[in-house]
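Next comes run32.cif, a file with mmCIF, C-alpha atoms and all ligand atoms.
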data_data
#
loop_
_atom_site.group_PDB
_atom_site.id
_atom_site.type_symbol
_atom_site.label_atom_id
_atom_site.label_comp_id
_atom_site.auth_asym_id
_atom_site.auth_seq_id
_atom_site.Cartn_x
_atom_site.Cartn_y
_atom_site.Cartn_z
ATOM 1 C CA MET A 1 16.360 16.580 -13.129
ATOM 2 C CA MET A 2 16.052 14.559 -9.949
ATOM 3 C CA GLU A 3 18.963 16.390 -8.349
ATOM 4 C CA LEU A 4 17.306 19.661 -9.208
ATOM 5 C CA LEU A 5 13.984 18.556 -7.794
ATOM 6 C CA GLU A 6 15.624 17.634 -4.506
ATOM 7 C CA GLY A 7 17.357 20.995 -4.217
ATOM 8 C CA ALA A 8 16.358 24.051 -2.254
ATOM 9 C CA GLY A 9 14.890 25.749 -5.301
ATOM 10 C CA ALA A 10 12.731 22.771 -6.047
ATOM 11 C CA ALA A 11 9.433 24.607 -6.191
ATOM 12 C CA ALA A 12 10.879 27.075 -8.673
ATOM 13 C CA VAL A 13 12.168 24.283 -10.892
ATOM 14 C CA CYS A 14 8.693 22.850 -11.077
ATOM 15 C CA ALA A 15 7.288 25.890 -12.786
ATOM 16 C CA SER A 16 4.653 23.732 -14.375
ATOM 17 C CA ALA A 17 1.778 22.877 -12.081
ATOM 18 C CA GLY A 18 1.054 19.966 -14.385
ATOM 19 C CA LEU A 19 4.472 18.441 -13.823
ATOM 20 C CA MET A 20 4.092 18.963 -10.094
ATOM 21 C CA ALA A 21 0.701 17.275 -9.964
ATOM 22 C CA TYR A 22 2.145 14.395 -11.989
ATOM 23 C CA ALA A 23 5.161 13.999 -9.698
ATOM 24 C CA VAL A 24 3.084 14.105 -6.515
ATOM 25 C CA ARG A 25 0.188 11.793 -7.413
ATOM 26 C CA THR A 26 0.713 9.691 -10.571
ATOM 27 C CA PRO A 27 1.300 6.031 -9.648
ATOM 28 C CA SER A 28 4.086 5.560 -12.213
ATOM 29 C CA ALA A 29 5.900 8.837 -11.357
ATOM 30 C CA THR A 30 9.200 8.542 -9.495
ATOM 31 C CA LEU A 31 10.468 12.125 -9.579
ATOM 32 C CA LEU A 32 10.019 12.769 -5.843
ATOM 33 C CA ALA A 33 11.007 9.336 -4.523
ATOM 34 C CA PRO A 34 11.835 5.932 -5.994
ATOM 35 C CA SER A 35 8.782 3.726 -6.355
ATOM 36 C CA VAL A 36 7.386 0.809 -8.290
ATOM 37 C CA HIS A 37 3.801 0.487 -9.442
ATOM 38 C CA ARG A 38 3.665 -2.928 -11.112
ATOM 39 C CA GLY A 39 5.303 -6.325 -10.964
ATOM 40 C CA VAL A 40 6.867 -8.460 -13.680
ATOM 41 C CA ASP A 41 4.457 -9.497 -16.419
ATOM 42 C CA SER A 42 6.088 -12.856 -17.184
ATOM 43 C CA ARG A 43 3.958 -14.710 -14.619
ATOM 44 C CA ALA A 44 0.187 -14.825 -14.155
ATOM 45 C CA ALA A 45 0.723 -13.280 -10.742
ATOM 46 C CA ILE A 46 -1.181 -10.543 -8.922
ATOM 47 C CA ALA A 47 -0.197 -8.758 -5.700
ATOM 48 C CA LEU A 48 -3.021 -7.911 -3.314
ATOM 49 C CA THR A 49 -2.175 -4.985 -1.064
ATOM 50 C CA PHE A 50 -4.169 -3.706 1.903
ATOM 51 C CA ASP A 51 -3.606 -0.244 3.372
ATOM 52 C CA ASP A 52 -4.577 1.571 6.591
ATOM 53 C CA GLY A 53 -4.648 -1.452 8.911
ATOM 54 C CA PRO A 54 -4.554 -3.174 11.121
ATOM 55 C CA SER A 55 -8.225 -2.800 12.080
ATOM 56 C CA GLU A 56 -10.648 -4.867 14.134
ATOM 57 C CA SER A 57 -11.795 -6.518 10.893
ATOM 58 C CA THR A 58 -8.342 -7.539 9.669
ATOM 59 C CA PRO A 59 -8.618 -11.049 11.241
ATOM 60 C CA GLU A 60 -11.690 -11.726 9.091
ATOM 61 C CA LEU A 61 -9.682 -10.805 6.011
ATOM 62 C CA LEU A 62 -6.824 -13.043 7.172
ATOM 63 C CA ASP A 63 -9.308 -15.934 7.410
ATOM 64 C CA ILE A 64 -10.436 -15.422 3.803
ATOM 65 C CA LEU A 65 -6.835 -15.256 2.553
ATOM 66 C CA ALA A 66 -5.892 -18.343 4.584
ATOM 67 C CA ALA A 67 -8.832 -20.306 3.194
ATOM 68 C CA HIS A 68 -7.398 -19.769 -0.303
ATOM 69 C CA ARG A 69 -3.742 -19.917 0.811
ATOM 70 C CA VAL A 70 -3.183 -16.485 -0.648
ATOM 71 C CA PRO A 71 -0.297 -14.272 0.563
ATOM 72 C CA ALA A 72 -0.742 -10.492 0.551
ATOM 73 C CA THR A 73 1.028 -7.299 1.532
ATOM 74 C CA PHE A 74 -0.285 -5.070 4.321
ATOM 75 C CA PHE A 75 0.777 -1.424 4.488
ATOM 76 C CA GLN A 76 0.219 -0.622 8.159
ATOM 77 C CA CYS A 77 0.031 2.726 9.982
ATOM 78 C CA GLY A 78 2.074 3.088 13.178
ATOM 79 C CA VAL A 79 -0.882 4.423 15.178
ATOM 80 C CA ASN A 80 -3.035 1.429 14.236
ATOM 81 C CA VAL A 81 -0.208 -1.022 14.971
ATOM 82 C CA ARG A 82 0.131 0.412 18.488
ATOM 83 C CA ARG A 83 -3.653 0.388 18.963
ATOM 84 C CA LEU A 84 -4.045 -3.241 17.866
ATOM 85 C CA PRO A 85 -0.654 -4.907 18.433
ATOM 86 C CA ASP A 86 -1.992 -8.455 18.544
ATOM 87 C CA ILE A 87 -3.702 -8.075 15.178
ATOM 88 C CA ALA A 88 -0.625 -6.422 13.638
ATOM 89 C CA ARG A 89 1.421 -9.384 14.837
ATOM 90 C CA GLN A 90 -1.165 -11.862 13.549
ATOM 91 C CA VAL A 91 -0.722 -10.434 10.042
ATOM 92 C CA ALA A 92 3.001 -11.160 10.228
ATOM 93 C CA THR A 93 2.666 -14.634 11.727
ATOM 94 C CA SER A 94 0.128 -15.527 9.025
ATOM 95 C CA GLY A 95 2.961 -15.202 6.506
ATOM 96 C CA HIS A 96 2.028 -11.905 4.875
ATOM 97 C CA GLU A 97 4.397 -9.092 4.037
ATOM 98 C CA ILE A 98 4.169 -5.874 6.071
ATOM 99 C CA GLY A 99 4.971 -2.474 4.627
ATOM 100 C CA ASN A 100 5.130 1.014 6.126
ATOM 101 C CA HIS A 101 2.144 3.337 5.471
ATOM 102 C CA SER A 102 3.364 6.227 7.700
ATOM 103 C CA ASP A 103 2.528 6.733 11.356
ATOM 104 C CA THR A 104 -0.571 8.973 11.349
ATOM 105 C CA HIS A 105 -1.655 8.790 7.670
ATOM 106 C CA PRO A 106 -1.073 12.473 6.803
ATOM 107 C CA LYS A 107 -0.972 14.013 3.349
ATOM 108 C CA LEU A 108 2.768 14.534 2.848
ATOM 109 C CA HIS A 109 2.618 17.455 0.428
ATOM 110 C CA PHE A 110 3.761 20.838 1.732
ATOM 111 C CA ARG A 111 5.258 19.101 4.793
ATOM 112 C CA SER A 112 8.863 19.528 5.947
ATOM 113 C CA ALA A 113 11.520 16.907 5.376
ATOM 114 C CA GLU A 114 11.732 16.480 9.164
ATOM 115 C CA PHE A 115 8.005 15.817 9.430
ATOM 116 C CA ILE A 116 8.155 13.230 6.654
ATOM 117 C CA GLN A 117 11.194 11.558 8.202
ATOM 118 C CA ARG A 118 9.448 11.354 11.606
ATOM 119 C CA GLU A 119 6.282 9.858 10.077
ATOM 120 C CA LEU A 120 8.177 7.073 8.330
ATOM 121 C CA GLU A 121 10.536 6.453 11.229
ATOM 122 C CA SER A 122 7.840 6.158 13.936
ATOM 123 C CA ALA A 123 5.852 3.680 11.867
ATOM 124 C CA GLN A 124 8.982 1.698 11.029
ATOM 125 C CA LYS A 125 9.929 1.503 14.714
ATOM 126 C CA SER A 126 6.472 0.398 15.892
ATOM 127 C CA ILE A 127 6.072 -2.192 13.151
ATOM 128 C CA LYS A 128 9.503 -3.650 13.909
ATOM 129 C CA GLN A 129 8.981 -3.703 17.685
ATOM 130 C CA ILE A 130 5.472 -5.121 17.606
ATOM 131 C CA THR A 131 5.479 -7.507 14.636
ATOM 132 C CA GLY A 132 9.161 -8.433 14.615
ATOM 133 C CA THR A 133 9.491 -7.623 10.910
ATOM 134 C CA GLU A 134 11.267 -4.621 9.455
ATOM 135 C CA PRO A 135 9.469 -3.235 6.387
ATOM 136 C CA THR A 136 11.371 -2.686 3.144
ATOM 137 C CA LEU A 137 8.327 -1.219 1.345
ATOM 138 C CA PHE A 138 6.544 2.098 1.813
ATOM 139 C CA ARG A 139 3.207 3.250 0.470
ATOM 140 C CA ALA A 140 2.575 6.977 0.697
ATOM 141 C CA PRO A 141 -0.779 7.904 2.309
ATOM 142 C CA PHE A 142 -3.179 8.971 -0.482
ATOM 143 C CA GLY A 143 -0.329 8.143 -2.890
ATOM 144 C CA ILE A 144 1.068 11.637 -2.303
ATOM 145 C CA ARG A 145 4.873 12.044 -2.525
ATOM 146 C CA TRP A 146 6.820 15.167 -1.597
ATOM 147 C CA PHE A 147 10.316 16.589 -1.292
ATOM 148 C CA GLY A 148 12.212 14.881 1.515
ATOM 149 C CA LEU A 149 10.520 11.541 0.950
ATOM 150 C CA ARG A 150 13.434 10.312 -1.172
ATOM 151 C CA ASN A 151 15.891 10.848 1.707
ATOM 152 C CA ALA A 152 13.566 9.405 4.344
ATOM 153 C CA GLN A 153 13.053 6.262 2.249
ATOM 154 C CA ARG A 154 16.776 5.951 1.617
ATOM 155 C CA GLU A 155 17.659 6.258 5.296
ATOM 156 C CA LEU A 156 15.143 3.624 6.306
ATOM 157 C CA GLY A 157 15.813 1.312 3.355
ATOM 158 C CA LEU A 158 12.289 1.638 1.954
ATOM 159 C CA MET A 159 11.148 1.286 -1.663
ATOM 160 C CA GLY A 160 7.951 3.115 -2.585
ATOM 161 C CA VAL A 161 5.058 1.018 -3.859
ATOM 162 C CA MET A 162 2.139 2.507 -5.774
ATOM 163 C CA TRP A 163 -0.448 0.427 -7.676
ATOM 164 C CA THR A 164 -1.840 -0.548 -11.053
ATOM 165 C CA THR A 165 -5.455 -0.403 -9.818
ATOM 166 C CA LEU A 166 -6.912 1.473 -6.879
ATOM 167 C CA ALA A 167 -10.018 -0.349 -5.633
ATOM 168 C CA LEU A 168 -11.922 2.700 -4.279
ATOM 169 C CA ASP A 169 -13.275 0.203 -1.751
ATOM 170 C CA TRP A 170 -13.808 2.963 0.803
ATOM 171 C CA LYS A 171 -16.481 4.678 -1.284
ATOM 172 C CA TRP A 172 -17.939 2.373 -3.913
ATOM 173 C CA PRO A 173 -20.410 -0.521 -3.475
ATOM 174 C CA ALA A 174 -18.977 -4.040 -3.713
ATOM 175 C CA ASP A 175 -20.216 -4.775 -7.257
ATOM 176 C CA ARG A 176 -18.483 -1.718 -8.648
ATOM 177 C CA VAL A 177 -15.266 -2.422 -6.741
ATOM 178 C CA ILE A 178 -15.281 -6.010 -7.965
ATOM 179 C CA ALA A 179 -15.799 -4.932 -11.585
ATOM 180 C CA ARG A 180 -12.919 -2.460 -11.324
ATOM 181 C CA LEU A 181 -10.548 -5.025 -9.830
ATOM 182 C CA ARG A 182 -11.611 -7.695 -12.328
ATOM 183 C CA ASN A 183 -10.798 -5.246 -15.093
ATOM 184 C CA GLY A 184 -7.386 -4.538 -13.524
ATOM 185 C CA ALA A 185 -6.438 -8.196 -13.128
ATOM 186 C CA ARG A 186 -3.433 -8.911 -15.335
ATOM 187 C CA ASN A 187 0.101 -10.257 -15.055
ATOM 188 C CA GLY A 188 2.091 -8.186 -12.560
ATOM 189 C CA ALA A 189 -0.903 -6.191 -11.308
ATOM 190 C CA ILE A 190 -0.638 -4.537 -7.904
ATOM 191 C CA LEU A 191 -4.162 -4.050 -6.566
ATOM 192 C CA CYS A 192 -4.697 -1.553 -3.763
ATOM 193 C CA LEU A 193 -7.462 -2.264 -1.216
ATOM 194 C CA HIS A 194 -7.961 -1.276 2.431
ATOM 195 C CA ASP A 195 -8.318 -3.284 5.656
ATOM 196 C CA GLY A 196 -8.723 -0.041 7.613
ATOM 197 C CA ARG A 197 -9.929 3.498 7.047
ATOM 198 C CA GLN A 198 -7.010 5.766 7.911
ATOM 199 C CA LEU A 199 -6.952 5.907 11.744
ATOM 200 C CA VAL A 200 -10.645 5.176 12.357
ATOM 201 C CA ALA A 201 -11.366 2.588 15.064
ATOM 202 C CA LYS A 202 -13.723 -0.270 14.116
ATOM 203 C CA PRO A 203 -14.089 0.850 10.484
ATOM 204 C CA ASP A 204 -16.630 -0.798 8.210
ATOM 205 C CA ILE A 205 -14.615 -2.739 5.632
ATOM 206 C CA SER A 206 -17.437 -5.038 4.560
ATOM 207 C CA VAL A 207 -17.114 -3.975 0.912
ATOM 208 C CA THR A 208 -13.432 -4.940 0.937
ATOM 209 C CA LEU A 209 -14.176 -8.309 2.545
ATOM 210 C CA GLN A 210 -16.951 -9.016 0.082
ATOM 211 C CA ALA A 211 -14.750 -8.092 -2.880
ATOM 212 C CA VAL A 212 -11.895 -10.332 -1.754
ATOM 213 C CA ARG A 213 -14.243 -13.207 -0.964
ATOM 214 C CA ARG A 214 -15.743 -13.095 -4.453
ATOM 215 C CA LEU A 215 -12.658 -12.236 -6.477
ATOM 216 C CA LEU A 216 -10.149 -14.765 -5.136
ATOM 217 C CA PRO A 217 -11.838 -17.919 -6.468
ATOM 218 C CA GLU A 218 -12.767 -16.136 -9.696
ATOM 219 C CA LEU A 219 -9.227 -14.958 -10.462
ATOM 220 C CA MET A 220 -7.682 -18.287 -9.473
ATOM 221 C CA LYS A 221 -10.070 -20.033 -11.850
ATOM 222 C CA LYS A 222 -8.758 -17.745 -14.609
ATOM 223 C CA GLY A 223 -5.229 -19.026 -13.881
ATOM 224 C CA PHE A 224 -3.867 -16.222 -11.706
ATOM 225 C CA HIS A 225 -1.950 -16.814 -8.511
ATOM 226 C CA PHE A 226 -1.054 -14.280 -5.813
ATOM 227 C CA GLU A 227 2.343 -13.071 -4.654
ATOM 228 C CA LYS A 228 3.645 -10.635 -2.049
ATOM 229 C CA VAL A 229 4.881 -7.341 -3.511
ATOM 230 C CA THR A 230 8.547 -8.245 -2.938
ATOM 231 C CA ASP A 231 8.033 -11.471 -4.899
ATOM 232 C CA ILE A 232 6.025 -10.008 -7.782
ATOM 233 C CA LEU A 233 8.883 -7.565 -8.469
ATOM 234 C CA CYS A 234 11.347 -10.407 -8.843
ATOM 235 C CA PRO A 235 11.764 -11.757 -12.402
ATOM 236 C CA THR A 236 13.203 -15.122 -11.337
ATOM 237 C CA LYS A 237 10.648 -16.306 -8.788
ATOM 238 C CA ASN A 238 8.967 -19.621 -9.658
HETATM 239 ZN ZN ZN B 301 -3.965 4.896 3.243
#

Since I need it in another form, could you write the structure as structure tokens?
Amino acid sequence: MMELLEGAGAAAVCASAGLMAYAVRTPSATLLAPSVHRGVDSRAAIALTFDDGPSESTPELLDILAAHRVPATFFQCGVNVRRLPDIARQVATSGHEIGNHSDTHPKLHFRSAEFIQRELESAQKSIKQITGTEPTLFRAPFGIRWFGLRNAQRELGLMGVMWTTLALDWKWPADRVIARLRNGARNGAILCLHDGRQLVAKPDISVTLQAVRRLLPELMKKGFHFEKVTDILCPTKN
């Protein structure tokens, strides 16, 4: 099935629009490219992930995480990394994991394999040059996968990462976001929040900051700890 989907007649193979929609957008689907969407459930561990950064407000988020000694994973866009190199670097030197979130945050569906390859490659290059770390994780913008992504990920050594709960922190008020994340908190959860808003300069991420500020102590009190995505996938980590 996967071989067929990668082939030239891929669109014809996916006669069912339902299957196509599933393959493109469902967090647990891996038909178009390898990805994970949750960590191991044997530890009371949660992975916090932040997409679309870095932004001017990322340092404030780093302060909150540092105050609780919580590591997280940041899926950065190449354009934002080049716009705010010092902040991108600060994320890395603060001990967090950095993943690739494409260069310009496009929707990847209906795009050519070359376009997809260029998007991942440019971001990978900028992140490596500016932060000194080479990502091994990729999060597709809008969670949309497409033909060609599998090859691009393979060439750059990237594993796709989706999520167990999407915070909707770009459109909901803080109380609603907090309730949703609280509900999604469980062993191995990968929570998806945002420290930027696509490529927007000086975005308002106050809802995200408020949610993290309130949720961290609450979840820690319930016995959860926080791990980077790479760690939460590993069954043997202590
Ligand atoms: Zn995004």

Exercise for review: For each of A:Ser42, A:Gln210, A:Ser35, A:Thr30, take the minimum atom-to-atom distance to Asn187 (chain A), counting all atoms listed in the file, then give the residue where this is smallest.
Suggested key: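 So, comparing all the options, the nearest one is A:Ser42.
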
Taking all atoms listed in the file into account, report as a compact mmCIF listing (two decimals) with C-alpha atoms, in the frame of the given file which residues have an atom no farther than 6 Å from an atom of ligand ZN 301 (chain B).
# COMPACT_ATOMS: atom_id res chain seq x y z
CA ASP A 51 -3.61 -0.24 3.37
CA ASP A 52 -4.58 1.57 6.59
CA PRO A 141 -0.78 7.90 2.31
CA PHE A 142 -3.18 8.97 -0.48
CA GLN A 198 -7.01 5.77 7.91

Exercise for review: Step by step, work through what the PyMOL selection byres (((chain A and resi 124) around 10) and not hetatm) selects in the shown file, and finish by giving those residues as an MDAnalysis selection string.
Suggested key: chainID A and resid 76:78 99:103 118:123 125:129 133:136 138 156 158

Go ahead and save the residues from that selection, with C-alpha atoms, as an mmCIF file, keeping the file's coordinate frame.
data_model
loop_
_atom_site.group_PDB
_atom_site.id
_atom_site.type_symbol
_atom_site.label_atom_id
_atom_site.label_comp_id
_atom_site.auth_asym_id
_atom_site.auth_seq_id
_atom_site.Cartn_x
_atom_site.Cartn_y
_atom_site.Cartn_z
ATOM 1 C CA GLN A 76 0.219 -0.622 8.159
ATOM 2 C CA CYS A 77 0.031 2.726 9.982
ATOM 3 C CA GLY A 78 2.074 3.088 13.178
ATOM 4 C CA GLY A 99 4.971 -2.474 4.627
ATOM 5 C CA ASN A 100 5.130 1.014 6.126
ATOM 6 C CA HIS A 101 2.144 3.337 5.471
ATOM 7 C CA SER A 102 3.364 6.227 7.700
ATOM 8 C CA ASP A 103 2.528 6.733 11.356
ATOM 9 C CA ARG A 118 9.448 11.354 11.606
ATOM 10 C CA GLU A 119 6.282 9.858 10.077
ATOM 11 C CA LEU A 120 8.177 7.073 8.330
ATOM 12 C CA GLU A 121 10.536 6.453 11.229
ATOM 13 C CA SER A 122 7.840 6.158 13.936
ATOM 14 C CA ALA A 123 5.852 3.680 11.867
ATOM 15 C CA LYS A 125 9.929 1.503 14.714
ATOM 16 C CA SER A 126 6.472 0.398 15.892
ATOM 17 C CA ILE A 127 6.072 -2.192 13.151
ATOM 18 C CA LYS A 128 9.503 -3.650 13.909
ATOM 19 C CA GLN A 129 8.981 -3.703 17.685
ATOM 20 C CA THR A 133 9.491 -7.623 10.910
ATOM 21 C CA GLU A 134 11.267 -4.621 9.455
ATOM 22 C CA PRO A 135 9.469 -3.235 6.387
ATOM 23 C CA THR A 136 11.371 -2.686 3.144
ATOM 24 C CA PHE A 138 6.544 2.098 1.813
ATOM 25 C CA LEU A 156 15.143 3.624 6.306
ATOM 26 C CA LEU A 158 12.289 1.638 1.954
#

Review point. Do you have the CA of Phe110 (chain A)-CA of Val36 (chain A) distance handy?
Key: 22.7 Å

**Study point:** Residues selected by the PyMOL selection byres (((chain A and resi 56) around 12) and not hetatm), written as a PyMOL selection string
**Key:** chain A and resi 52-55+57-62+80-81+83-88+90+195-197+199-206

Practice item. Considering all atoms listed in the file, state which residue in the set A:Arg145, A:Arg186, A:Arg25, A:His105 is at the smallest distance from Thr165 (chain A). Key: A:Arg186

Point to revise | Among the residues A:Thr230, A:Thr236, A:Thr164, A:Thr208, the one that comes closest to Thr26 (chain A) [using only C-alpha atoms] | key: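 With only C-alpha atoms as the atom set, the closest residue is A:Thr164.
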
Exercise for review: Kindly resolve the PyMOL selection byres (((chain A and resi 41) around 9) and not hetatm) on the present coordinates and return the residues as a list in words.
Suggested key: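 Going through the file, the PyMOL selection byres (((chain A and resi 41) around 9) and not hetatm) ends up selecting Arg38, Gly39, Val40, Ser42, Arg43, Ala44, Ala45, Arg186, Asn187, Gly188, Ala189, Ile232 and Pro235 of chain A.
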
Check your understanding: Nearest to Val161 (chain A): which of A:Arg111, A:Arg139, A:Arg213, A:Lys221 is it, counting only C-alpha atoms?
Key ->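 Nearest candidate to Val161 (chain A) out of A:Arg111, A:Arg139, A:Arg213, A:Lys221: A:Arg139.
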
Practice item. State, in Å with one decimal place, the distance from CA of Lys228 (chain A) to CA of Ala92 (chain A). Key: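 That distance, rounded to one decimal, is 12.3 Å.
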